[in-house]
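What follows is the content of upload_19.csv (CSV, C-alpha atoms and all ligand atoms).
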chain,number,residue,atom,x,y,z
A,1,MET,CA,10.9,15.1,8.2
A,2,ASP,CA,12.6,13.4,5.3
A,3,ASN,CA,11.0,14.6,2.0
A,4,LYS,CA,10.7,11.0,0.8
A,5,ARG,CA,8.4,10.1,3.7
A,6,ILE,CA,5.6,12.6,3.0
A,7,HIS,CA,2.1,11.0,2.8
A,8,GLY,CA,-1.3,11.8,1.5
A,9,GLY,CA,-4.4,12.4,3.6
A,10,ASP,CA,-3.4,15.6,5.4
A,11,ILE,CA,-7.0,16.7,5.5
A,12,GLU,CA,-6.7,18.9,8.6
A,13,ARG,CA,-4.2,21.2,6.9
A,14,VAL,CA,-6.5,21.8,4.0
A,15,ALA,CA,-9.6,22.3,6.2
A,16,ARG,CA,-7.6,24.8,8.3
A,17,THR,CA,-6.2,26.7,5.4
A,18,TYR,CA,-9.4,27.1,3.4
A,19,GLY,CA,-12.0,27.0,6.2
A,20,PHE,CA,-13.7,23.8,5.3
A,21,ASN,CA,-15.1,21.1,7.5
A,22,THR,CA,-13.0,18.0,7.1
A,23,SER,CA,-16.2,16.1,6.2
A,24,ASP,CA,-16.7,18.4,3.2
A,25,ILE,CA,-13.3,17.7,1.6
A,26,LEU,CA,-13.0,15.2,-1.2
A,27,ASP,CA,-9.7,13.4,-0.5
A,28,PHE,CA,-8.1,11.8,-3.6
A,29,SER,CA,-4.6,11.9,-1.9
A,30,SER,CA,-5.1,8.9,0.3
A,31,ASN,CA,-5.5,5.5,-1.4
A,32,ILE,CA,-8.3,3.9,0.6
A,33,ASN,CA,-11.5,2.0,-0.3
A,34,PRO,CA,-14.4,4.6,-0.5
A,35,LEU,CA,-17.2,2.1,0.3
A,36,PRO,CA,-18.7,2.5,3.7
A,37,LEU,CA,-18.1,-0.4,6.1
A,38,PRO,CA,-21.2,-2.3,7.2
A,39,ARG,CA,-23.0,-0.8,10.3
A,40,VAL,CA,-22.4,-4.1,12.1
A,41,VAL,CA,-18.7,-3.2,12.5
A,42,LYS,CA,-19.5,0.0,14.5
A,43,ASP,CA,-22.2,-1.7,16.5
A,44,TYR,CA,-19.8,-4.6,17.4
A,45,LEU,CA,-17.2,-2.2,18.7
A,46,TYR,CA,-19.8,-0.4,20.8
A,47,GLU,CA,-21.2,-3.7,22.2
A,48,HIS,CA,-17.7,-5.1,23.0
A,49,PHE,CA,-16.2,-1.9,24.4
A,50,ASP,CA,-15.3,-3.8,27.6
A,51,THR,CA,-12.7,-5.8,25.8
A,52,LEU,CA,-10.6,-2.7,26.2
A,53,THR,CA,-10.5,-3.1,29.9
A,54,ARG,CA,-8.2,-6.1,29.3
A,55,TYR,CA,-4.8,-6.6,27.7
A,56,PRO,CA,-5.0,-8.0,24.2
A,57,ASP,CA,-4.0,-11.7,23.8
A,58,ARG,CA,-0.2,-11.4,23.1
A,59,ASP,CA,-0.4,-14.1,20.4
A,60,TYR,CA,-3.6,-12.7,18.8
A,61,SER,CA,-4.8,-16.3,18.4
A,62,GLU,CA,-8.3,-15.5,17.4
A,63,LEU,CA,-7.2,-12.9,14.9
A,64,ARG,CA,-4.5,-15.2,13.4
A,65,GLN,CA,-7.1,-18.0,13.2
A,66,ALA,CA,-9.4,-15.7,11.2
A,67,LEU,CA,-6.5,-14.7,9.0
A,68,ALA,CA,-5.4,-18.3,8.5
A,69,PHE,CA,-8.9,-18.9,7.1
A,70,TYR,CA,-8.9,-15.7,5.0
A,71,THR,CA,-5.4,-16.2,3.5
A,72,LYS,CA,-5.5,-20.1,3.4
A,73,MET,CA,-2.1,-20.1,5.2
A,74,PRO,CA,-1.0,-22.1,8.3
A,75,LEU,CA,-1.2,-20.3,11.6
A,76,ASP,CA,2.5,-20.3,12.2
A,77,TYR,CA,3.1,-18.3,9.0
A,78,LEU,CA,1.3,-15.3,10.4
A,79,LEU,CA,2.6,-12.4,12.5
A,80,MET,CA,0.4,-9.3,13.4
A,81,GLY,CA,1.7,-5.8,13.3
A,82,ASN,CA,0.6,-2.2,14.0
A,83,GLY,CA,-0.2,-1.6,10.3
A,84,ALA,CA,2.2,-2.8,7.6
A,85,THR,CA,4.5,0.0,8.7
A,86,GLU,CA,5.5,-1.6,12.0
A,87,LEU,CA,6.4,-4.8,10.1
A,88,ILE,CA,8.5,-2.9,7.5
A,89,TYR,CA,10.6,-1.4,10.4
A,90,LEU,CA,10.6,-4.6,12.4
A,91,THR,CA,11.9,-6.6,9.4
A,92,VAL,CA,14.8,-4.2,8.7
A,93,GLN,CA,15.6,-4.0,12.4
A,94,THR,CA,15.6,-7.7,12.8
A,95,LEU,CA,17.5,-8.7,9.7
A,96,GLN,CA,20.0,-5.8,9.8
A,97,PRO,CA,20.7,-6.1,6.0
A,98,LYS,CA,23.8,-4.3,4.8
A,99,ARG,CA,23.1,-4.1,1.1
A,100,VAL,CA,19.5,-3.4,0.0
A,101,LEU,CA,18.0,-3.3,-3.5
A,102,LEU,CA,15.0,-1.0,-3.7
A,103,PRO,CA,13.1,-0.4,-7.0
A,104,VAL,CA,11.8,3.2,-7.0
A,105,PRO,CA,9.6,5.3,-7.2
A,106,SER,CA,7.9,3.4,-4.4
A,107,PHE,CA,6.4,3.8,-0.9
A,108,GLY,CA,8.6,6.1,1.2
A,109,GLU,CA,8.7,4.3,4.5
A,110,TYR,CA,11.0,1.6,3.1
A,111,GLU,CA,13.6,4.3,2.9
A,112,GLY,CA,12.8,5.4,6.4
A,113,ALA,CA,13.3,2.0,7.9
A,114,LEU,CA,16.5,1.4,5.8
A,115,GLN,CA,18.0,4.8,6.8
A,116,ASN,CA,17.3,4.2,10.5
A,117,ASN,CA,19.4,1.1,10.2
A,118,ASN,CA,22.2,2.6,8.1
A,119,CYS,CA,21.6,0.2,5.2
A,120,GLU,CA,23.4,0.8,2.0
A,121,ILE,CA,20.6,1.3,-0.5
A,122,THR,CA,20.8,0.6,-4.2
A,123,HIS,CA,17.9,2.4,-6.0
A,124,TYR,CA,16.7,0.5,-9.1
A,125,GLN,CA,15.0,3.0,-11.3
A,126,LEU,CA,11.6,2.0,-12.7
A,127,ARG,CA,11.6,3.8,-16.0
A,128,GLU,CA,9.0,6.2,-17.2
A,129,GLU,CA,9.6,5.2,-20.9
A,130,LEU,CA,8.4,1.7,-19.9
A,131,GLY,CA,5.3,3.0,-18.1
A,132,PHE,CA,7.2,2.2,-14.8
A,133,LYS,CA,7.0,-1.5,-15.7
A,134,LEU,CA,9.8,-3.6,-14.3
A,135,ASP,CA,12.3,-4.6,-17.0
A,136,LEU,CA,12.7,-8.2,-15.9
A,137,PRO,CA,16.0,-9.2,-17.6
A,138,ASN,CA,17.7,-6.0,-16.6
A,139,PHE,CA,16.4,-6.2,-13.1
A,140,LEU,CA,17.6,-9.8,-12.7
A,141,SER,CA,21.0,-8.9,-13.9
A,142,VAL,CA,21.2,-6.3,-11.1
A,143,LEU,CA,19.7,-8.7,-8.5
A,144,LYS,CA,22.4,-11.2,-9.4
A,145,GLN,CA,25.0,-8.8,-8.0
A,146,GLY,CA,24.0,-10.0,-4.5
A,147,TYR,CA,22.0,-8.1,-1.9
A,148,ASP,CA,20.9,-9.0,1.7
A,149,LEU,CA,17.4,-7.6,1.1
A,150,LEU,CA,15.2,-6.8,-1.8
A,151,ILE,CA,12.0,-4.7,-1.2
A,152,LEU,CA,9.2,-5.0,-3.7
A,153,CYS,CA,5.7,-3.5,-3.7
A,154,ASN,CA,3.1,-5.3,-5.8
A,155,PRO,CA,1.1,-3.5,-7.1
A,156,ASN,CA,3.5,-0.7,-6.7
A,157,ASN,CA,2.6,2.6,-5.0
A,158,PRO,CA,2.6,5.2,-6.6
A,159,THR,CA,3.0,3.8,-10.2
A,160,GLY,CA,0.2,1.2,-10.1
A,161,GLN,CA,2.3,-1.3,-12.0
A,162,LEU,CA,2.0,-5.0,-11.3
A,163,ILE,CA,4.6,-7.8,-11.5
A,164,ASN,CA,2.7,-10.9,-12.7
A,165,LYS,CA,3.0,-14.2,-10.8
A,166,ASP,CA,5.4,-15.9,-13.2
A,167,ASP,CA,7.8,-12.9,-13.2
A,168,MET,CA,7.5,-12.7,-9.4
A,169,LEU,CA,8.4,-16.3,-9.0
A,170,THR,CA,11.4,-15.8,-11.3
A,171,ILE,CA,12.6,-13.0,-9.1
A,172,LEU,CA,12.0,-14.9,-5.9
A,173,ASN,CA,13.9,-17.9,-7.3
A,174,GLU,CA,16.8,-15.7,-8.3
A,175,ALA,CA,16.8,-14.1,-4.8
A,176,GLN,CA,16.9,-17.5,-3.2
A,177,LYS,CA,20.0,-18.5,-5.2
A,178,THR,CA,21.8,-15.4,-3.9
A,179,ASN,CA,20.5,-15.7,-0.3
A,180,THR,CA,18.6,-12.5,-0.7
A,181,ILE,CA,15.6,-12.0,1.6
A,182,VAL,CA,12.6,-10.5,-0.1
A,183,LEU,CA,10.1,-8.2,1.6
A,184,LEU,CA,7.1,-8.2,-0.7
A,185,ASP,CA,4.5,-5.6,0.1
A,186,GLU,CA,1.1,-6.8,-1.0
A,187,THR,CA,-0.8,-4.0,0.8
A,188,PHE,CA,-2.8,-3.2,-2.3
A,189,ILE,CA,-3.1,-6.7,-3.8
A,190,GLU,CA,-6.7,-7.2,-2.8
A,191,PHE,CA,-7.6,-4.5,-5.4
A,192,VAL,CA,-6.0,-6.2,-8.4
A,193,PRO,CA,-8.3,-7.8,-11.0
A,194,ASP,CA,-7.2,-11.4,-10.2
A,195,VAL,CA,-6.0,-11.5,-6.5
A,196,SER,CA,-5.3,-15.3,-6.2
A,197,GLY,CA,-3.7,-15.3,-9.7
A,198,THR,CA,-1.3,-12.5,-8.6
A,199,SER,CA,-0.5,-13.0,-5.0
A,200,ILE,CA,2.3,-15.4,-4.2
A,201,LEU,CA,0.9,-16.6,-0.9
A,202,ASP,CA,0.3,-20.1,-2.4
A,203,PHE,CA,3.9,-20.5,-3.1
A,204,LEU,CA,5.4,-19.3,0.2
A,205,ASP,CA,6.2,-22.8,1.5
A,206,GLY,CA,8.8,-23.1,-1.2
A,207,PHE,CA,10.5,-19.8,-0.1
A,208,GLU,CA,12.1,-19.5,3.3
A,209,ASN,CA,13.5,-16.1,2.1
A,210,VAL,CA,10.2,-14.3,1.5
A,211,LEU,CA,8.1,-12.1,3.7
A,212,VAL,CA,4.7,-10.9,2.4
A,213,LEU,CA,3.1,-7.8,4.0
A,214,ARG,CA,-0.6,-7.2,4.0
A,215,ALA,CA,-2.8,-4.7,5.9
A,216,PHE,CA,-6.4,-3.9,6.7
A,217,THR,CA,-5.6,-0.3,6.1
A,218,LYS,CA,-6.4,0.2,2.4
A,219,PHE,CA,-9.0,-2.5,1.5
A,220,PHE,CA,-11.0,-2.1,4.7
A,221,ALA,CA,-10.4,1.6,4.7
A,222,LEU,CA,-9.2,1.7,8.4
A,223,PRO,CA,-5.9,3.5,8.5
A,224,GLY,CA,-6.6,4.6,12.1
A,225,LEU,CA,-7.1,1.0,13.2
A,226,ARG,CA,-3.4,0.2,12.6
A,227,LEU,CA,-3.7,-3.4,11.7
A,228,GLY,CA,-1.3,-5.2,9.4
A,229,TYR,CA,0.2,-8.7,9.1
A,230,CYS,CA,3.1,-10.5,7.7
A,231,VAL,CA,3.0,-13.9,6.1
A,232,ALA,CA,6.2,-15.8,6.0
A,233,HIS,CA,7.9,-19.2,6.7
A,234,PRO,CA,7.8,-19.9,10.4
A,235,SER,CA,11.6,-19.6,10.7
A,236,LEU,CA,11.3,-15.9,9.6
A,237,VAL,CA,8.2,-15.3,11.7
A,238,GLU,CA,9.9,-16.6,14.8
A,239,LYS,CA,12.9,-14.3,14.2
A,240,LEU,CA,10.7,-11.2,13.9
A,241,ALA,CA,8.5,-12.3,16.8
A,242,GLU,CA,11.5,-12.4,19.1
A,243,ARG,CA,12.3,-8.8,18.3
A,244,LYS,CA,8.8,-7.5,18.4
A,245,GLU,CA,7.4,-5.4,21.3
A,246,PRO,CA,4.3,-6.9,22.9
A,247,TRP,CA,0.8,-5.6,22.3
A,248,THR,CA,1.6,-3.3,19.4
A,249,VAL,CA,-1.7,-4.4,17.9
A,250,ASN,CA,-4.3,-2.8,20.2
A,251,GLY,CA,-7.5,-4.3,21.6
A,252,VAL,CA,-9.8,-2.6,19.1
A,253,ALA,CA,-7.8,-3.9,16.1
A,254,ALA,CA,-7.7,-7.4,17.6
A,255,LEU,CA,-11.4,-7.3,18.2
A,256,LEU,CA,-12.5,-6.0,14.8
A,257,GLY,CA,-10.0,-7.9,12.6
A,258,PRO,CA,-11.9,-11.3,12.6
A,259,LEU,CA,-15.3,-9.5,12.1
A,260,LEU,CA,-13.9,-7.5,9.1
A,261,LEU,CA,-12.6,-10.6,7.4
A,262,LYS,CA,-16.2,-12.0,7.6
A,263,GLN,CA,-17.7,-9.1,5.7
A,264,THR,CA,-18.0,-11.1,2.5
A,265,GLU,CA,-20.7,-8.8,1.0
A,266,PHE,CA,-18.4,-5.7,1.5
A,267,ILE,CA,-15.5,-7.6,0.0
A,268,ARG,CA,-17.6,-8.6,-3.0
A,269,GLN,CA,-18.9,-5.1,-3.5
A,270,THR,CA,-15.4,-3.6,-3.3
A,271,ARG,CA,-14.2,-6.0,-6.0
A,272,THR,CA,-17.2,-5.1,-8.2
A,273,TRP,CA,-16.6,-1.4,-7.6
A,274,ILE,CA,-12.9,-1.4,-8.3
A,275,ASN,CA,-13.1,-3.6,-11.4
A,276,LYS,CA,-15.7,-1.2,-12.9
A,277,GLU,CA,-14.4,2.1,-11.7
A,278,ARG,CA,-10.7,1.6,-12.4
A,279,PRO,CA,-11.1,1.3,-16.2
A,280,TYR,CA,-13.9,4.0,-16.3
A,281,PHE,CA,-12.0,6.6,-14.3
A,282,SER,CA,-8.7,5.9,-16.2
A,283,GLU,CA,-10.6,6.3,-19.5
A,284,GLN,CA,-12.3,9.6,-18.5
A,285,LEU,CA,-9.0,11.0,-17.3
A,286,SER,CA,-7.3,10.0,-20.5
A,287,GLN,CA,-9.7,12.2,-22.4
A,288,LEU,CA,-8.6,15.3,-20.6
A,289,ASN,CA,-6.0,17.5,-22.4
A,290,LYS,CA,-2.5,17.9,-21.3
A,291,LEU,CA,-2.4,14.9,-19.1
A,292,LYS,CA,-0.7,11.5,-19.2
A,293,VAL,CA,-2.4,8.7,-17.4
A,294,TYR,CA,-0.4,5.6,-16.5
A,295,GLU,CA,-1.8,2.1,-16.5
A,296,THR,CA,-2.8,0.9,-13.0
A,297,TYR,CA,-3.7,-2.3,-11.3
A,298,GLY,CA,-4.3,-0.7,-7.9
A,299,ASN,CA,-7.0,1.6,-6.4
A,300,PHE,CA,-5.0,4.7,-7.5
A,301,ILE,CA,-3.7,6.3,-10.6
A,302,LEU,CA,-0.4,8.1,-11.4
A,303,LEU,CA,-0.6,11.0,-13.8
A,304,LYS,CA,1.7,13.5,-15.4
A,305,LEU,CA,1.0,17.1,-16.4
A,306,LEU,CA,2.2,17.5,-20.0
A,307,GLU,CA,1.9,21.3,-20.5
A,308,LYS,CA,5.3,23.1,-20.5
A,309,GLY,CA,5.8,24.9,-17.2
A,310,ALA,CA,2.7,23.4,-15.5
A,311,THR,CA,3.3,22.3,-11.9
A,312,VAL,CA,1.3,20.0,-9.7
A,313,GLN,CA,1.8,22.5,-6.9
A,314,ALA,CA,-0.3,25.1,-8.8
A,315,LEU,CA,-3.0,22.6,-9.7
A,316,GLN,CA,-3.0,21.3,-6.1
A,317,GLU,CA,-3.6,24.8,-4.7
A,318,LYS,CA,-6.5,25.5,-7.1
A,319,LEU,CA,-8.1,22.1,-6.3
A,320,GLU,CA,-7.6,22.5,-2.5
A,321,SER,CA,-9.3,25.9,-2.6
A,322,ARG,CA,-12.3,24.0,-4.1
A,323,GLY,CA,-12.1,21.4,-1.3
A,324,ILE,CA,-10.4,18.6,-3.4
A,325,MET,CA,-7.1,17.0,-2.4
A,326,ILE,CA,-4.6,15.2,-4.7
A,327,ARG,CA,-1.3,13.7,-3.9
A,328,ASN,CA,1.7,15.6,-5.3
A,329,ALA,CA,4.1,12.8,-6.3
A,330,ALA,CA,7.3,14.9,-6.3
A,331,SER,CA,8.4,13.4,-3.0
A,332,PHE,CA,8.9,10.0,-4.7
A,333,HIS,CA,12.3,9.1,-6.3
A,334,TYR,CA,12.6,10.0,-9.9
A,335,LEU,CA,9.3,11.8,-10.0
A,336,ASP,CA,9.0,15.6,-10.1
A,337,ASN,CA,6.5,18.4,-9.7
A,338,THR,CA,4.6,17.3,-12.8
A,339,TYR,CA,3.4,14.0,-11.4
A,340,PHE,CA,0.5,13.4,-9.1
A,341,ARG,CA,-1.5,10.4,-7.8
A,342,LEU,CA,-5.3,10.1,-7.5
A,343,ALA,CA,-7.2,7.6,-5.4
A,344,ILE,CA,-10.0,5.9,-7.3
A,345,LYS,CA,-13.3,6.8,-5.5
A,346,ASP,CA,-17.0,6.4,-6.0
A,347,ARG,CA,-18.4,7.4,-9.4
A,348,SER,CA,-19.9,10.7,-8.4
A,349,SER,CA,-16.7,11.9,-6.6
A,350,ASN,CA,-14.6,10.8,-9.5
A,351,MET,CA,-16.8,12.7,-11.9
A,352,ARG,CA,-16.6,15.8,-9.7
A,353,LEU,CA,-12.9,15.7,-9.9
A,354,ILE,CA,-13.0,15.2,-13.7
A,355,LYS,CA,-15.2,18.3,-14.0
A,356,ASN,CA,-12.8,20.4,-11.9
A,357,LEU,CA,-9.8,19.2,-13.9
A,358,GLU,CA,-11.6,20.1,-17.1
A,359,GLU,CA,-12.1,23.6,-15.8
A,360,LEU,CA,-8.5,24.0,-14.5
A,361,LEU,CA,-6.3,22.3,-17.0
A,401,LIG,C1,2.8,0.3,-0.3
A,401,LIG,C2,2.4,0.6,1.1
A,401,LIG,N1,2.7,-0.2,2.1
A,401,LIG,C3,2.4,0.0,3.4
A,401,LIG,C4,1.7,1.2,3.7
A,401,LIG,C5,1.4,1.5,5.2
A,401,LIG,O1,0.3,0.8,5.6
A,401,LIG,P1,-0.2,0.8,7.1
A,401,LIG,O2,-1.0,2.1,7.2
A,401,LIG,O3,-1.0,-0.4,7.3
A,401,LIG,O4,1.0,0.9,8.0
A,401,LIG,C6,1.3,2.1,2.7
A,401,LIG,C7,0.6,3.3,3.1
A,401,LIG,O5,0.4,4.2,2.3
A,401,LIG,C8,1.7,1.8,1.4
A,401,LIG,O6,1.4,2.6,0.4
Can the structure in the file be given as structure tokens, please?
Amino acid sequence: MDNKRIHGGDIERVARTYGFNTSDILDFSSNINPLPLPRVVKDYLYEHFDTLTRYPDRDYSELRQALAFYTKMPLDYLLMGNGATELIYLTVQTLQPKRVLLPVPSFGEYEGALQNNNCEITHYQLREELGFKLDLPNFLSVLKQGYDLLILCNPNNPTGQLINKDDMLTILNEAQKTNTIVLLDETFIEFVPDVSGTSILDFLDGFENVLVLRAFTKFFALPGLRLGYCVAHPSLVEKLAERKEPWTVNGVAALLGPLLLKQTEFIRQTRTWINKERPYFSEQLSQLNKLKVYETYGNFILLKLLEKGATVQALQEKLESRGIMIRNAASFHYLDNTYFRLAIKDRSSNMRLIKNLEELL
């Protein structure tokens, strides 16, 4: 597999190598919400098991209704997908862009989808000296050169940086002028401190060139459910829908989606947890020697080992032998074997990691 498309969460490998039960491993490599889902979700699946004896509704009407309510967007702006990943691949396959602008380091599957379709990729380097923050004037001057597609991830995985709404609107306006379609991945946006003040969903009716991607994967901690969605102008949604295979969202996902969106207490608790734990964990990590901690707006943190000759691979092996997984970030463009990413977990797990890092660094 392409090195750029490595992912976190390979828990089975660590369990096999070191003889752990998977349930005993503390996984900081995969960026998902650590709070347990309410019991009602499991019970509902059990009680409605018979739904699986039928094909799912091809239009996913109930699911889209629930999402229309959750996102406050019209029904015809919504298209469901098998995780955000299906929609990344479907967008590229449908639009067949020739020239693509891709700020990096960022999520590896963009590259996968673009390579599958032989796109010409221009990597825009997010610079370490700027804490990986986008240099807006410089970026706009590059965007002006004219691309068929721009892919943006906000907040960006793995850097944790956020493009604020004003800057994002400036970018989208510029893209509109040059007929550039923008695929804006908001998979982690529900974790940022001010979701509605950051997401551009409210502005979508002014942009026929923008597709926003979201998923249940990270916030509802269900990567195995494979449920994502795209929010875009109906003209774009129709184009994608024409190319899409039927039933890629399975019956379990279609069943659970509306129920998940109604878990207002879980959503509230998640926001409380992340707003408290993100600054706390970042601060605790900053106090460790030989480590640089980058600012983050997501539910994960990018770090760099500062000691000369230190490698993440060595740290990773030591932590794995103690049943703790981290994400080596060397597979991302412009990052090397001194960078790693940590998911933000519950307080006691975070403190267990800090204690282990104190011993190992
Ligand atoms: C930025 C980003 N977008 C999309 C995805 C994929 O989401 P899904 O599992 O819903 O396909 C990931 C997974 O890590 C991601 O980091």
Report the closest atom pair, with its distance in Å rounded to one decimal, for each residue of chain A that has an atom no farther than 8 Å from ligand LIG 401 (chain A); count all atoms listed in the file, sort by chain and then rising residue number, and write it as a Markdown table.
| residue | atom | partner | partner_atom | distance |
| --- | --- | --- | --- | --- |
| A:His7 | CA | A:LIG401 | O5 | 7.0 |
| A:Gly8 | CA | A:LIG401 | O5 | 7.8 |
| A:Ser30 | CA | A:LIG401 | O5 | 7.5 |
| A:Asn31 | CA | A:LIG401 | O5 | 7.1 |
| A:Asn82 | CA | A:LIG401 | O4 | 6.8 |
| A:Gly83 | CA | A:LIG401 | O3 | 3.3 |
| A:Ala84 | CA | A:LIG401 | O4 | 3.9 |
| A:Thr85 | CA | A:LIG401 | O4 | 3.7 |
| A:Glu86 | CA | A:LIG401 | O4 | 6.5 |
| A:Ile88 | CA | A:LIG401 | C3 | 7.9 |
| A:Ser106 | CA | A:LIG401 | C1 | 7.2 |
| A:Phe107 | CA | A:LIG401 | C1 | 5.1 |
| A:Glu109 | CA | A:LIG401 | C4 | 7.7 |
| A:Cys153 | CA | A:LIG401 | C1 | 5.9 |
| A:Asn154 | CA | A:LIG401 | C1 | 7.9 |
| A:Pro155 | CA | A:LIG401 | C1 | 8.0 |
| A:Asn156 | CA | A:LIG401 | C1 | 6.5 |
| A:Asn157 | CA | A:LIG401 | C1 | 5.2 |
| A:Pro158 | CA | A:LIG401 | O6 | 7.6 |
| A:Asp185 | CA | A:LIG401 | N1 | 6.0 |
| A:Glu186 | CA | A:LIG401 | C1 | 7.3 |
| A:Thr187 | CA | A:LIG401 | N1 | 5.3 |
| A:Phe188 | CA | A:LIG401 | C1 | 6.9 |
| A:Leu213 | CA | A:LIG401 | N1 | 7.8 |
| A:Arg214 | CA | A:LIG401 | O3 | 7.6 |
| A:Ala215 | CA | A:LIG401 | O3 | 4.9 |
| A:Phe216 | CA | A:LIG401 | O3 | 6.5 |
| A:Thr217 | CA | A:LIG401 | O3 | 4.8 |
| A:Lys218 | CA | A:LIG401 | O3 | 7.3 |
| A:Pro223 | CA | A:LIG401 | O2 | 5.3 |
| A:Gly224 | CA | A:LIG401 | O2 | 7.8 |
| A:Arg226 | CA | A:LIG401 | O3 | 5.8 |
| A:Leu227 | CA | A:LIG401 | O3 | 6.0 |
| A:Gly228 | CA | A:LIG401 | O3 | 5.2 |
Output for the residues just chosen: C-alpha atoms as a tab-separated table (two decimals), in the frame of the given file:
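The result, written out as part_2.tsv:
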chain	number	residue	atom	x	y	z
A	7	HIS	CA	2.10	11.00	2.80
A	8	GLY	CA	-1.30	11.80	1.50
A	30	SER	CA	-5.10	8.90	0.30
A	31	ASN	CA	-5.50	5.50	-1.40
A	82	ASN	CA	0.60	-2.20	14.00
A	83	GLY	CA	-0.20	-1.60	10.30
A	84	ALA	CA	2.20	-2.80	7.60
A	85	THR	CA	4.50	0.00	8.70
A	86	GLU	CA	5.50	-1.60	12.00
A	88	ILE	CA	8.50	-2.90	7.50
A	106	SER	CA	7.90	3.40	-4.40
A	107	PHE	CA	6.40	3.80	-0.90
A	109	GLU	CA	8.70	4.30	4.50
A	153	CYS	CA	5.70	-3.50	-3.70
A	154	ASN	CA	3.10	-5.30	-5.80
A	155	PRO	CA	1.10	-3.50	-7.10
A	156	ASN	CA	3.50	-0.70	-6.70
A	157	ASN	CA	2.60	2.60	-5.00
A	158	PRO	CA	2.60	5.20	-6.60
A	185	ASP	CA	4.50	-5.60	0.10
A	186	GLU	CA	1.10	-6.80	-1.00
A	187	THR	CA	-0.80	-4.00	0.80
A	188	PHE	CA	-2.80	-3.20	-2.30
A	213	LEU	CA	3.10	-7.80	4.00
A	214	ARG	CA	-0.60	-7.20	4.00
A	215	ALA	CA	-2.80	-4.70	5.90
A	216	PHE	CA	-6.40	-3.90	6.70
A	217	THR	CA	-5.60	-0.30	6.10
A	218	LYS	CA	-6.40	0.20	2.40
A	223	PRO	CA	-5.90	3.50	8.50
A	224	GLY	CA	-6.60	4.60	12.10
A	226	ARG	CA	-3.40	0.20	12.60
A	227	LEU	CA	-3.70	-3.40	11.70
A	228	GLY	CA	-1.30	-5.20	9.40
**Request:** Within 12 Å of Thr53 of chain A, counting only C-alpha atoms, which residues show up once you throw out same-chain ones fewer than 6 positions away? Write them as a PyMOL selection string, please.
**Result:** chain A and resi 250-252
**Asked** Can you list, as a PyMOL selection string, every protein, DNA or RNA residue that comes within 9 Å of Asp27 of chain A when you count all atoms listed in the file, leaving out same-chain residues fewer than 6 positions away?
**Response** chain A and resi 8-11+323-326+342-343
Using only C-alpha atoms, please write the residues we just selected to a file, as a JSON list (two decimals), in the coordinates of the input.
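File written: again-v1.json
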[["chain", "number", "residue", "atom", "x", "y", "z"],
["A", 8, "GLY", "CA", -1.30, 11.80, 1.50],
["A", 9, "GLY", "CA", -4.40, 12.40, 3.60],
["A", 10, "ASP", "CA", -3.40, 15.60, 5.40],
["A", 11, "ILE", "CA", -7.00, 16.70, 5.50],
["A", 323, "GLY", "CA", -12.10, 21.40, -1.30],
["A", 324, "ILE", "CA", -10.40, 18.60, -3.40],
["A", 325, "MET", "CA", -7.10, 17.00, -2.40],
["A", 326, "ILE", "CA", -4.60, 15.20, -4.70],
["A", 342, "LEU", "CA", -5.30, 10.10, -7.50],
["A", 343, "ALA", "CA", -7.20, 7.60, -5.40]]
**Message:** Would you compute the distance between atom CA of Glu128 of chain A and atom CA of Leu353 of chain A? Give it in Å to one decimal.
**Reply:**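 Separation between atom CA of Glu128 of chain A and atom CA of Leu353 of chain A: 25.0 Å.
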**Message:** Could you tell me how far atom CA of Leu255 of chain A sits from atom CA of Asp57 of chain A, in Å to one decimal place?
**Reply:** 10.3 Å
**Asked** Looking at A:Gln145, A:Thr311, A:Ser199, A:Gln125, which one is nearest to Leu169 of chain A, with distances taken over all atoms listed in the file?
**Response**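 Using all atoms listed in the file, Leu169 of chain A sits closest to A:Ser199.
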**Message:** Quick check, in Å to one decimal: how far apart do atom CA of Leu45 of chain A and atom CA of Phe191 of chain A lie?
**Reply:**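 Going from atom CA of Leu45 of chain A over to atom CA of Phe191 of chain A, I get 26.0 Å.
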**Asked** Hey, what's within 6 Å of Leu184 of chain A if we count all atoms listed in the file and toss same-chain stuff fewer than 5 positions away? As a list in words, please?
**Response**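 Surrounding residues, per the criterion: Leu152, Cys153, Leu211 and Val212 of chain A.
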**Request:** Name the residues in contact with Asn299 of chain A at a cut-off of 12 Å, using all atoms listed in the file, excluding same-chain residues fewer than 5 positions from it; report them as a ChimeraX atom specification.
**Result:** /A:28-34,155-161,187-193,218-219,221,270-271,273-279,281-282,341-346
**Request:** Tell me which of A:Glu12, A:Val182, A:Phe132, A:Ala253 sits closest to Val293 of chain A, counting only C-alpha atoms.
**Result:**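 Counting only C-alpha atoms, the residue closest to Val293 of chain A is A:Phe132.
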**Residue with smallest distance to Phe332 of chain A - pool A:Gly19, A:Val40, A:His123, A:Glu62, counting all atoms listed in the file** =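 Closest to Phe332 of chain A, using all atoms listed in the file: A:His123.
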**Item:** Residue list as a ChimeraX atom specification for point (18.4, -7.1, -1.4), cut-off 8 Å, all atoms listed in the file
**Value:** /A:97,99-102,143,146-151,175,180-182
**Prompt:** Pick from A:Leu222, A:Leu303, A:Asp336, A:Ala15: nearest to Leu288 of chain A, with all atoms listed in the file counted?
**Reply:** A:Leu303
